[in-house]
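Single-structure report; data block below.
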Amino acid sequence: MLFRLSDIYKSYGARDILRGASIQINPGEHVGLVGRNGAGKTTLFRLISGEEAADRGDVVRARGLNLGLLEQHVHFEPGVTVHEAALGAFGHLQQIEHEMHALEHRMAEADGDLDAVLERYSDLQHQFEREGGFEYAARAEAILQGLGFERETWQMETEFLSGGQKNRLGLARLLLAEPDALLLDEPTNHLDVAAVEWLEEFLSTYRAAYIIISHDRYFLDRACTRIIEVEQGRAVSYTGNYSAFLVEREERREAQQRAYDNQQHLIAKTEEFIRRNLAGQKTKQAKSRRKMLEKLDRVEGVRADQSSGDFRLQKVERAGTHVLTVQEASVGYPDKVLAVEITFTLRRGECLGVIGPNGAGKTTFVKTVLGKLPPLAGEVRWGTNVQVGYYAQQLDDLDDRNEVIMELRRVAPASATAGELRSFLAKFLFTGDDVYKHIGDLSGGEKGRLALAKLIYSHVNVLVLDEPTNHLDIPSRESLEEALDSYDGTIITISHDRYFLDRVATQILALDGEGGAEHYDGDYTEYHDWKAAQDANPIKVAASKTVSLHEPSPPPQAKAERTAKPHSPAKATSAKTDERKTNGVRHVKKAKGRERDAGVVEAEIGVAEKRLEDLTSELALPEVARDQARLQRVNRAYAETEAQLRALYEEWERVSTEVAGA
């Protein structure tokens with residue numbers, strides 16, 4: 001047992017949050033903590049970490065328990081770089097390393113009792129090796145890359161990072177520290193899909209325990225083997241991942257309702273027997289049954305779920321068959337092309353899911369489709385009778401100065417009465433005086449619901465949604481999915497929520513962040529599986545699935561931006577070289593006393609750069625981050641290749657200068 005909470009009660013003012021909640025976490029358990037916003041999930045974390053105390057009940061922690069808590073706002077020491085902050089998780093090993101260096105200086109200078117120095121150094125060396133001292137730097141670098149920190153960002157000081165980058169760096173530091181139990185509150189919030197999938201793989205074989213609060217159901221499915229639901233102030237445990245939890249919860253509710261109905265039937269029959277016989281010949285039996293009823297442990301009926309909002313969309317006017325046609329389109333800005341050769345047709349009633357890493361151009365693509373930005377090339381054409389409504393991720397269409405009801409009136413017809421507007425807002429959980437709240441005083445979830453209310457009220461037949469689930473808890477996401485599933489119109493949605501995309505998307509547009517785009521007919525999981533199979537066997541799989549792929553053939557300015565490297569020559573592919581291989585790195589023999597031809601050096605640079613890219617990809621694999629021996633081997637090869645590349649650049653500049661001078 002790592003820790004146990006027994007019969008916990010916790011209130012804030014007049015509001016009861018926890019009412020008899022009990023949980024126990026054991027070593028190595030991988031737990032997902034779910035429940036509505038405000039149900040008490042974060043309160044449980046604060047009680048576990050000791051940040052807050054329970055009003056009633058017991059919190060018991062194992063002696064010497066080392067907890068790691070991922071906070072929503074992460075802070076670092078001023079002047080510390082990204083790389084140094086990650087290595088800071090190994091403070092103990094760094095202290096050992098520092099003392100070993102000091103002892104090495106003493107040995108070199110023959111300072112003091114040499115035998116004692118050697119003995120101390122030997123002890124430290126064994127401890128350093130036993131605790132992973134020779135691999136910790138490579139582990140830190142692998143996890144940084146897996147969470148989306150490219151090598152060029154490692155020397156950036158943490159004070160210049162964005163809030164999302166700081167949270168990612170805090171997560172990296174926590175994973176490296178390997179405490180007895182991790183408490184992760186929304187760890188995927190600031191990760192793109194690639195980083196989330198890396199984290200899923202990493203956590204799947206993580207040896208220590210962790211508890212995750214998350215609204216990402218796909219992530220909970222892949223990362224957790226137990227789910228604890230916080231509801232009505234209590235905590236109920238289920239074995240299995242999130243999908244298994246949904247099934248088991250429904251089965252438990254059905255069984256509970258049957259038990260309740262059966263007991264109510266028994267109570268009614270018993271009370272009727274008591275009423276008829278209390279004063280008759282069977283008085284003794286009637287009194288006995290009355291005592292039995294008094295002692296009966298009553299079964300509770302299943303409580304109706306709290307409302308998650310009514311996102312049912314209004315009937316909309318029918319658009320033409322071909323709602324949107326995009327042909328060979330490039331999107332971005334005059335000085336920065338983000339994606340090229342995007343081609344697809346979106347028909348009435350279909351849903352296009354747009355995915356890709358942060359900065360790949362997803363929002364830029366949507367703005368281009370909406371006409372807010374012109375395409376850099378190609379064509380974007382809307383069909384007939386199309387009315388478009390836009391939900392912005394930043395919710396910047398809301399005016400913070402307005403009251404809720406005034407904001408809805410902005411899209412309402414002049415004839416709409418206050419009563420009609422209030423009734424509509426009630427479907428989105430704005431009841432009573434809530435409709436008079438100023439938007440600036442609303443939470444992120446409330447603003448998200450209001451923005452969706454405006455969009456639905458406007459009766460448009462095309463919805464363009466930028467991360468619509470970001471501010472919603474799981475029940476609200478499920479309500480939105482049901483509404484979109486029955487919507488008669490057409491949808492374009494940017495989303496990192498893969499579970500959501502599986503529910504609503506019929507097509508996927510994947511932007512890769514390097515100018516490329518792939519269009520796939522199917523939902524997210526189908527695309528993901530196809531992509532994985534294609535990477536393993538591109539020719540066979542591509543032939544087995546109808547898919548429109550658009551490999552980038554960018555305009556000159558895009559190609560230059562994507563391929564140019566500072567101080568590097570163009571890559572030659574046909575030059576032959578006399579070579580040997582060591583640790584996968586190619587080394588060229590050169591004639592003694594003679595400079596090699598520039599073309600030969602260019603070819604060798606191309607090989608080394610490709611090798612460096614392959615090693616970078618290998619370092620980012622979760623299985624490499626977990627295998628210390630392989631991690632050390634790959635990191636050594638990376639350092640050797642990097643050193644070789646620097647030497648080749650210098651040689652190329654030298655021979656190129658000599659050729660130019662001649």
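We label chains A, B, ... in the order they appear in the structure tokens, count residues from 1 in each chain, and number ligands from 1 in the order shown.
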Fewer than 2 positions away in the same chain doesn't count, so skip those; otherwise give me all residues within 6 Å of segment 454-468 of chain A, counting only C-alpha atoms, as a PDB file with N, CA and C atoms, in the first residue's frame.
ATOM      1  N   LEU A 313     -28.462  20.039 -31.879  1.00  0.00           N
ATOM      2  CA  LEU A 313     -28.430  21.107 -32.877  1.00  0.00           C
ATOM      3  C   LEU A 313     -29.782  21.256 -33.559  1.00  0.00           C
ATOM      4  N   VAL A 316     -31.343  22.440 -39.885  1.00  0.00           N
ATOM      5  CA  VAL A 316     -30.681  23.456 -40.706  1.00  0.00           C
ATOM      6  C   VAL A 316     -31.120  23.328 -42.158  1.00  0.00           C
ATOM      7  N   GLN A 387     -23.975  28.054 -45.266  1.00  0.00           N
ATOM      8  CA  GLN A 387     -23.898  29.062 -44.190  1.00  0.00           C
ATOM      9  C   GLN A 387     -22.951  28.516 -43.122  1.00  0.00           C
ATOM     10  N   VAL A 388     -21.881  29.254 -42.874  1.00  0.00           N
ATOM     11  CA  VAL A 388     -20.787  28.756 -42.036  1.00  0.00           C
ATOM     12  C   VAL A 388     -20.791  29.434 -40.668  1.00  0.00           C
ATOM     13  N   GLY A 389     -20.636  28.636 -39.615  1.00  0.00           N
ATOM     14  CA  GLY A 389     -20.447  29.151 -38.258  1.00  0.00           C
ATOM     15  C   GLY A 389     -19.103  28.692 -37.719  1.00  0.00           C
ATOM     16  N   TYR A 390     -18.396  29.579 -36.998  1.00  0.00           N
ATOM     17  CA  TYR A 390     -17.026  29.297 -36.563  1.00  0.00           C
ATOM     18  C   TYR A 390     -16.919  29.322 -35.047  1.00  0.00           C
ATOM     19  N   TYR A 391     -16.325  28.264 -34.468  1.00  0.00           N
ATOM     20  CA  TYR A 391     -16.035  28.191 -33.031  1.00  0.00           C
ATOM     21  C   TYR A 391     -14.527  28.297 -32.878  1.00  0.00           C
ATOM     22  N   ALA A 392     -14.043  29.422 -32.317  1.00  0.00           N
ATOM     23  CA  ALA A 392     -12.607  29.659 -32.181  1.00  0.00           C
ATOM     24  C   ALA A 392     -12.078  29.053 -30.889  1.00  0.00           C
ATOM     25  N   GLN A 393     -10.889  28.448 -30.955  1.00  0.00           N
ATOM     26  CA  GLN A 393     -10.276  27.829 -29.781  1.00  0.00           C
ATOM     27  C   GLN A 393     -10.067  28.851 -28.670  1.00  0.00           C
ATOM     28  N   LEU A 408     -25.817  36.106 -26.300  1.00  0.00           N
ATOM     29  CA  LEU A 408     -26.649  35.263 -27.159  1.00  0.00           C
ATOM     30  C   LEU A 408     -27.525  36.115 -28.063  1.00  0.00           C
ATOM     31  N   ALA A 451     -20.123  29.725 -26.124  1.00  0.00           N
ATOM     32  CA  ALA A 451     -19.730  29.836 -27.535  1.00  0.00           C
ATOM     33  C   ALA A 451     -20.455  28.786 -28.373  1.00  0.00           C
ATOM     34  N   LEU A 452     -20.604  27.574 -27.841  1.00  0.00           N
ATOM     35  CA  LEU A 452     -21.351  26.538 -28.557  1.00  0.00           C
ATOM     36  C   LEU A 452     -22.836  26.894 -28.645  1.00  0.00           C
ATOM     37  N   ASN A 470     -11.996  21.370 -25.721  1.00  0.00           N
ATOM     38  CA  ASN A 470     -10.926  21.784 -24.805  1.00  0.00           C
ATOM     39  C   ASN A 470     -11.412  22.131 -23.405  1.00  0.00           C
ATOM     40  N   GLY A 489     -26.027  18.933 -40.765  1.00  0.00           N
ATOM     41  CA  GLY A 489     -25.097  19.720 -41.567  1.00  0.00           C
ATOM     42  C   GLY A 489     -23.734  19.062 -41.713  1.00  0.00           C
ATOM     43  N   THR A 490     -22.755  19.877 -42.088  1.00  0.00           N
ATOM     44  CA  THR A 490     -21.393  19.425 -42.380  1.00  0.00           C
ATOM     45  C   THR A 490     -20.439  20.044 -41.365  1.00  0.00           C
ATOM     46  N   ILE A 491     -19.378  19.322 -41.015  1.00  0.00           N
ATOM     47  CA  ILE A 491     -18.500  19.761 -39.931  1.00  0.00           C
ATOM     48  C   ILE A 491     -17.039  19.709 -40.377  1.00  0.00           C
ATOM     49  N   ILE A 492     -16.289  20.734 -39.995  1.00  0.00           N
ATOM     50  CA  ILE A 492     -14.821  20.713 -40.057  1.00  0.00           C
ATOM     51  C   ILE A 492     -14.345  20.972 -38.635  1.00  0.00           C
ATOM     52  N   THR A 493     -13.531  20.084 -38.086  1.00  0.00           N
ATOM     53  CA  THR A 493     -13.087  20.280 -36.710  1.00  0.00           C
ATOM     54  C   THR A 493     -11.602  19.996 -36.549  1.00  0.00           C
ATOM     55  N   ILE A 494     -10.909  20.935 -35.915  1.00  0.00           N
ATOM     56  CA  ILE A 494      -9.548  20.686 -35.432  1.00  0.00           C
ATOM     57  C   ILE A 494      -9.688  20.066 -34.051  1.00  0.00           C
ATOM     58  N   SER A 495      -8.952  18.990 -33.789  1.00  0.00           N
ATOM     59  CA  SER A 495      -9.042  18.400 -32.457  1.00  0.00           C
ATOM     60  C   SER A 495      -7.832  17.534 -32.169  1.00  0.00           C
TER      61      SER A 495
END
Hey, could you make a per-residue contact list for segment 161-202 of chain A against segment 500-520 of chain A with 12 Å as the cut-off, showing the nearest pair of atoms and its distance in Å to one decimal, counting only C-alpha atoms, sorted by chain and number, as a Markdown table?
| residue | atom | partner | partner_atom | distance |
| --- | --- | --- | --- | --- |
| A:Asp192 | CA | A:Gly513 | CA | 11.3 |
| A:Val193 | CA | A:Ala510 | CA | 10.9 |
| A:Ala194 | CA | A:Asp512 | CA | 10.1 |
Worksheet item: So how far away is atom CA of Leu450 of chain A from atom CA of Gly353 of chain A, in Å?
Response: 22.5 Å
Worksheet item: If you run DSSP on this backbone, which residues of segment 316-416 of chain A come out as strand (DSSP E or B), and could you give them as a PyMOL selection string?
Response: chain A and resi 322-333+336-347+351-355+377-382+388-391+403
I need the chosen residues saved as a PDB file, in the first residue's frame, with C-alpha atoms.
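Okay, selection_24.pdb is ready:
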ATOM      1  CA  HIS A 322     -20.412  19.186 -52.554  1.00  0.00           C
ATOM      2  CA  VAL A 323     -20.001  21.520 -49.591  1.00  0.00           C
ATOM      3  CA  LEU A 324     -16.264  22.238 -49.869  1.00  0.00           C
ATOM      4  CA  THR A 325     -13.706  21.463 -52.565  1.00  0.00           C
ATOM      5  CA  VAL A 326      -9.995  22.066 -51.919  1.00  0.00           C
ATOM      6  CA  GLN A 327      -7.661  21.462 -54.838  1.00  0.00           C
ATOM      7  CA  GLU A 328      -3.841  21.558 -54.653  1.00  0.00           C
ATOM      8  CA  ALA A 329      -4.025  24.273 -51.992  1.00  0.00           C
ATOM      9  CA  SER A 330      -1.008  25.672 -50.108  1.00  0.00           C
ATOM     10  CA  VAL A 331      -1.611  27.511 -46.832  1.00  0.00           C
ATOM     11  CA  GLY A 332       0.523  29.790 -44.708  1.00  0.00           C
ATOM     12  CA  TYR A 333       1.966  33.265 -45.043  1.00  0.00           C
ATOM     13  CA  LYS A 336       6.276  30.984 -44.282  1.00  0.00           C
ATOM     14  CA  VAL A 337       4.515  28.139 -46.094  1.00  0.00           C
ATOM     15  CA  LEU A 338       2.960  25.669 -43.627  1.00  0.00           C
ATOM     16  CA  ALA A 339       1.304  23.008 -45.803  1.00  0.00           C
ATOM     17  CA  VAL A 340       1.119  22.356 -49.528  1.00  0.00           C
ATOM     18  CA  GLU A 341      -0.935  20.394 -52.073  1.00  0.00           C
ATOM     19  CA  ILE A 342      -3.995  19.866 -49.870  1.00  0.00           C
ATOM     20  CA  THR A 343      -6.721  18.170 -51.897  1.00  0.00           C
ATOM     21  CA  PHE A 344     -10.092  16.763 -50.793  1.00  0.00           C
ATOM     22  CA  THR A 345     -13.858  17.070 -51.294  1.00  0.00           C
ATOM     23  CA  LEU A 346     -16.216  17.389 -48.317  1.00  0.00           C
ATOM     24  CA  ARG A 347     -19.812  16.376 -49.007  1.00  0.00           C
ATOM     25  CA  CYS A 351     -17.108  15.604 -40.957  1.00  0.00           C
ATOM     26  CA  LEU A 352     -13.456  16.447 -41.642  1.00  0.00           C
ATOM     27  CA  GLY A 353     -11.098  16.040 -38.666  1.00  0.00           C
ATOM     28  CA  VAL A 354      -7.910  18.122 -38.933  1.00  0.00           C
ATOM     29  CA  ILE A 355      -4.902  16.848 -36.971  1.00  0.00           C
ATOM     30  CA  ALA A 377      -1.627  28.357 -54.239  1.00  0.00           C
ATOM     31  CA  GLY A 378      -4.458  26.170 -55.490  1.00  0.00           C
ATOM     32  CA  GLU A 379      -8.192  26.567 -54.976  1.00  0.00           C
ATOM     33  CA  VAL A 380     -10.673  26.616 -52.063  1.00  0.00           C
ATOM     34  CA  ARG A 381     -14.295  26.562 -53.266  1.00  0.00           C
ATOM     35  CA  TRP A 382     -17.513  26.423 -51.221  1.00  0.00           C
ATOM     36  CA  VAL A 388     -20.787  28.756 -42.036  1.00  0.00           C
ATOM     37  CA  GLY A 389     -20.447  29.151 -38.258  1.00  0.00           C
ATOM     38  CA  TYR A 390     -17.026  29.297 -36.563  1.00  0.00           C
ATOM     39  CA  TYR A 391     -16.035  28.191 -33.031  1.00  0.00           C
ATOM     40  CA  GLU A 403     -23.727  39.542 -19.941  1.00  0.00           C
TER      41      GLU A 403
END
Item to complete: Do a neighbour search on Gly133 of chain A at 12 Å with only C-alpha atoms, toss out local chain neighbours closer than 6 positions, and write the hits as an MDAnalysis selection string.
Response: chainID A and resid 87 90:98 100 124:127 139:140 628:629 632
Item to complete: Find the distance between atom CA of Val600 of chain A and atom CA of Trp652 of chain A and write it in Å to one decimal.
Response: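 Separation between atom CA of Val600 of chain A and atom CA of Trp652 of chain A: 9.3 Å.
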Practice prompt. Rank nothing, just name the residue among A:Ala181, A:Leu293, A:Ala533, A:Leu480 nearest to Tyr206 of chain A, using only C-alpha atoms.
Written response: A:Ala181
Fill in: Members of segment 357-491 of chain A assigned helix (DSSP H, G or I) by DSSP, as a PyMOL selection string
chain A and resi 362-369+404-409+418-426+432-436+439-441+444-457+474-485
Worksheet entry | Nearest to His496 of chain A, chosen from A:Asp115, A:Asp216, A:Asp180, A:Glu131, with only C-alpha atoms counted in the distances |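 Of A:Asp115, A:Asp216, A:Asp180, A:Glu131, the one nearest His496 of chain A is A:Asp216, counting only C-alpha atoms.
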Worksheet item: Which polymer residues have any atom within 9 Å of an atom of Asp488 of chain A, counting only C-alpha atoms, with same-chain residues fewer than 3 positions away left out, as a list in words?
Response: Leu313, Gln314, Lys315, Val316, Glu317, Arg318, Arg348, Gly349, Asn461, Leu484 and Asp485 of chain A
Just the selected residues (all heavy atoms), exported as a CSV table (one decimal), in the first residue's frame, please.
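Listing of again.csv after writing:
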chain,number,residue,atom,x,y,z
A,313,LEU,N,-28.5,20.0,-31.9
A,313,LEU,CA,-28.4,21.1,-32.9
A,313,LEU,C,-29.8,21.3,-33.6
A,313,LEU,O,-30.5,20.3,-33.7
A,313,LEU,CB,-27.3,20.8,-33.9
A,313,LEU,CG,-25.9,20.9,-33.3
A,313,LEU,CD1,-25.1,19.7,-33.7
A,313,LEU,CD2,-25.3,22.2,-33.6
A,314,GLN,N,-30.1,22.5,-34.0
A,314,GLN,CA,-31.3,22.8,-34.6
A,314,GLN,C,-31.3,22.2,-36.0
A,314,GLN,O,-30.3,22.0,-36.6
A,314,GLN,CB,-31.5,24.3,-34.7
A,314,GLN,CG,-31.2,25.0,-33.4
A,314,GLN,CD,-32.3,24.7,-32.3
A,314,GLN,OE1,-33.4,24.6,-32.6
A,314,GLN,NE2,-31.8,24.6,-31.1
A,315,LYS,N,-32.5,22.0,-36.6
A,315,LYS,CA,-32.7,21.7,-38.0
A,315,LYS,C,-32.1,22.8,-38.8
A,315,LYS,O,-32.3,24.0,-38.5
A,315,LYS,CB,-34.1,21.5,-38.3
A,315,LYS,CG,-34.7,20.2,-37.7
A,315,LYS,CD,-34.1,18.9,-38.3
A,315,LYS,CE,-34.7,17.7,-37.7
A,315,LYS,NZ,-34.0,16.5,-38.2
A,316,VAL,N,-31.3,22.4,-39.9
A,316,VAL,CA,-30.7,23.5,-40.7
A,316,VAL,C,-31.1,23.3,-42.2
A,316,VAL,O,-31.6,22.3,-42.6
A,316,VAL,CB,-29.1,23.3,-40.6
A,316,VAL,CG1,-28.7,23.6,-39.2
A,316,VAL,CG2,-28.7,21.9,-41.1
A,317,GLU,N,-30.9,24.4,-42.9
A,317,GLU,CA,-31.3,24.4,-44.3
A,317,GLU,C,-30.3,23.5,-45.1
A,317,GLU,O,-29.1,23.5,-44.8
A,317,GLU,CB,-31.2,25.9,-44.8
A,317,GLU,CG,-31.8,26.0,-46.2
A,317,GLU,CD,-31.9,27.5,-46.6
A,317,GLU,OE1,-31.7,28.4,-45.7
A,317,GLU,OE2,-32.1,27.8,-47.8
A,318,ARG,N,-30.8,22.8,-46.1
A,318,ARG,CA,-30.0,21.9,-46.8
A,318,ARG,C,-29.0,22.6,-47.7
A,318,ARG,O,-29.4,23.4,-48.5
A,318,ARG,CB,-30.9,20.9,-47.6
A,318,ARG,CG,-30.3,19.8,-48.3
A,318,ARG,CD,-31.3,19.0,-49.1
A,318,ARG,NE,-30.8,17.9,-49.8
A,318,ARG,CZ,-30.7,16.7,-49.4
A,318,ARG,NH1,-31.1,16.4,-48.1
A,318,ARG,NH2,-30.2,15.7,-50.2
A,348,ARG,N,-22.0,17.0,-48.2
A,348,ARG,CA,-23.0,17.3,-47.2
A,348,ARG,C,-23.1,16.1,-46.2
A,348,ARG,O,-23.2,15.0,-46.5
A,348,ARG,CB,-24.4,17.5,-47.9
A,348,ARG,CG,-25.5,17.9,-46.9
A,348,ARG,CD,-26.8,18.2,-47.7
A,348,ARG,NE,-27.3,17.0,-48.4
A,348,ARG,CZ,-27.3,16.8,-49.7
A,348,ARG,NH1,-27.0,17.8,-50.5
A,348,ARG,NH2,-27.8,15.7,-50.2
A,349,GLY,N,-23.1,16.5,-44.9
A,349,GLY,CA,-23.3,15.5,-43.8
A,349,GLY,C,-22.0,14.9,-43.4
A,349,GLY,O,-22.0,14.1,-42.4
A,461,ASN,N,-25.5,25.7,-41.5
A,461,ASN,CA,-25.4,24.3,-41.9
A,461,ASN,C,-24.0,23.8,-42.1
A,461,ASN,O,-23.8,22.6,-42.6
A,461,ASN,CB,-26.3,24.1,-43.2
A,461,ASN,CG,-25.8,25.0,-44.3
A,461,ASN,OD1,-24.7,25.6,-44.3
A,461,ASN,ND2,-26.7,25.2,-45.3
A,484,LEU,N,-23.5,16.2,-32.4
A,484,LEU,CA,-22.8,16.3,-33.7
A,484,LEU,C,-23.1,15.1,-34.5
A,484,LEU,O,-23.2,15.2,-35.8
A,484,LEU,CB,-21.3,16.5,-33.5
A,484,LEU,CG,-20.9,17.8,-32.9
A,484,LEU,CD1,-19.4,17.9,-32.7
A,484,LEU,CD2,-21.3,19.1,-33.7
A,485,ASP,N,-23.3,13.9,-33.9
A,485,ASP,CA,-23.5,12.7,-34.6
A,485,ASP,C,-24.9,12.8,-35.3
A,485,ASP,O,-25.1,12.1,-36.3
A,485,ASP,CB,-23.5,11.5,-33.6
A,485,ASP,CG,-23.4,10.2,-34.3
A,485,ASP,OD1,-22.6,10.1,-35.3
A,485,ASP,OD2,-24.0,9.3,-33.9
Worksheet entry | A:Asp614, A:Glu178, A:Glu231, A:Glu640 ranked by distance to Ala209 of chain A, top pick (using only C-alpha atoms) | A:Glu178
Item to complete: Can you work out the spacing between atom CA of Ala172 of chain A and atom CA of Ala89 of chain A in Å, to one decimal?
Response: 9.0 Å
Fill in: Among the residues A:Asp535, A:Asp399, A:Glu623, A:Glu420, the one that comes closest to His438 of chain A [using only C-alpha atoms]
A:Asp399
Worksheet item: So which one's closest to Ser22 of chain A, A:Leu398, A:Met156, A:Val236, A:Ala137? Using only C-alpha atoms, please.
Response: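 Of the candidates, the smallest distance to Ser22 of chain A is held by A:Val236.
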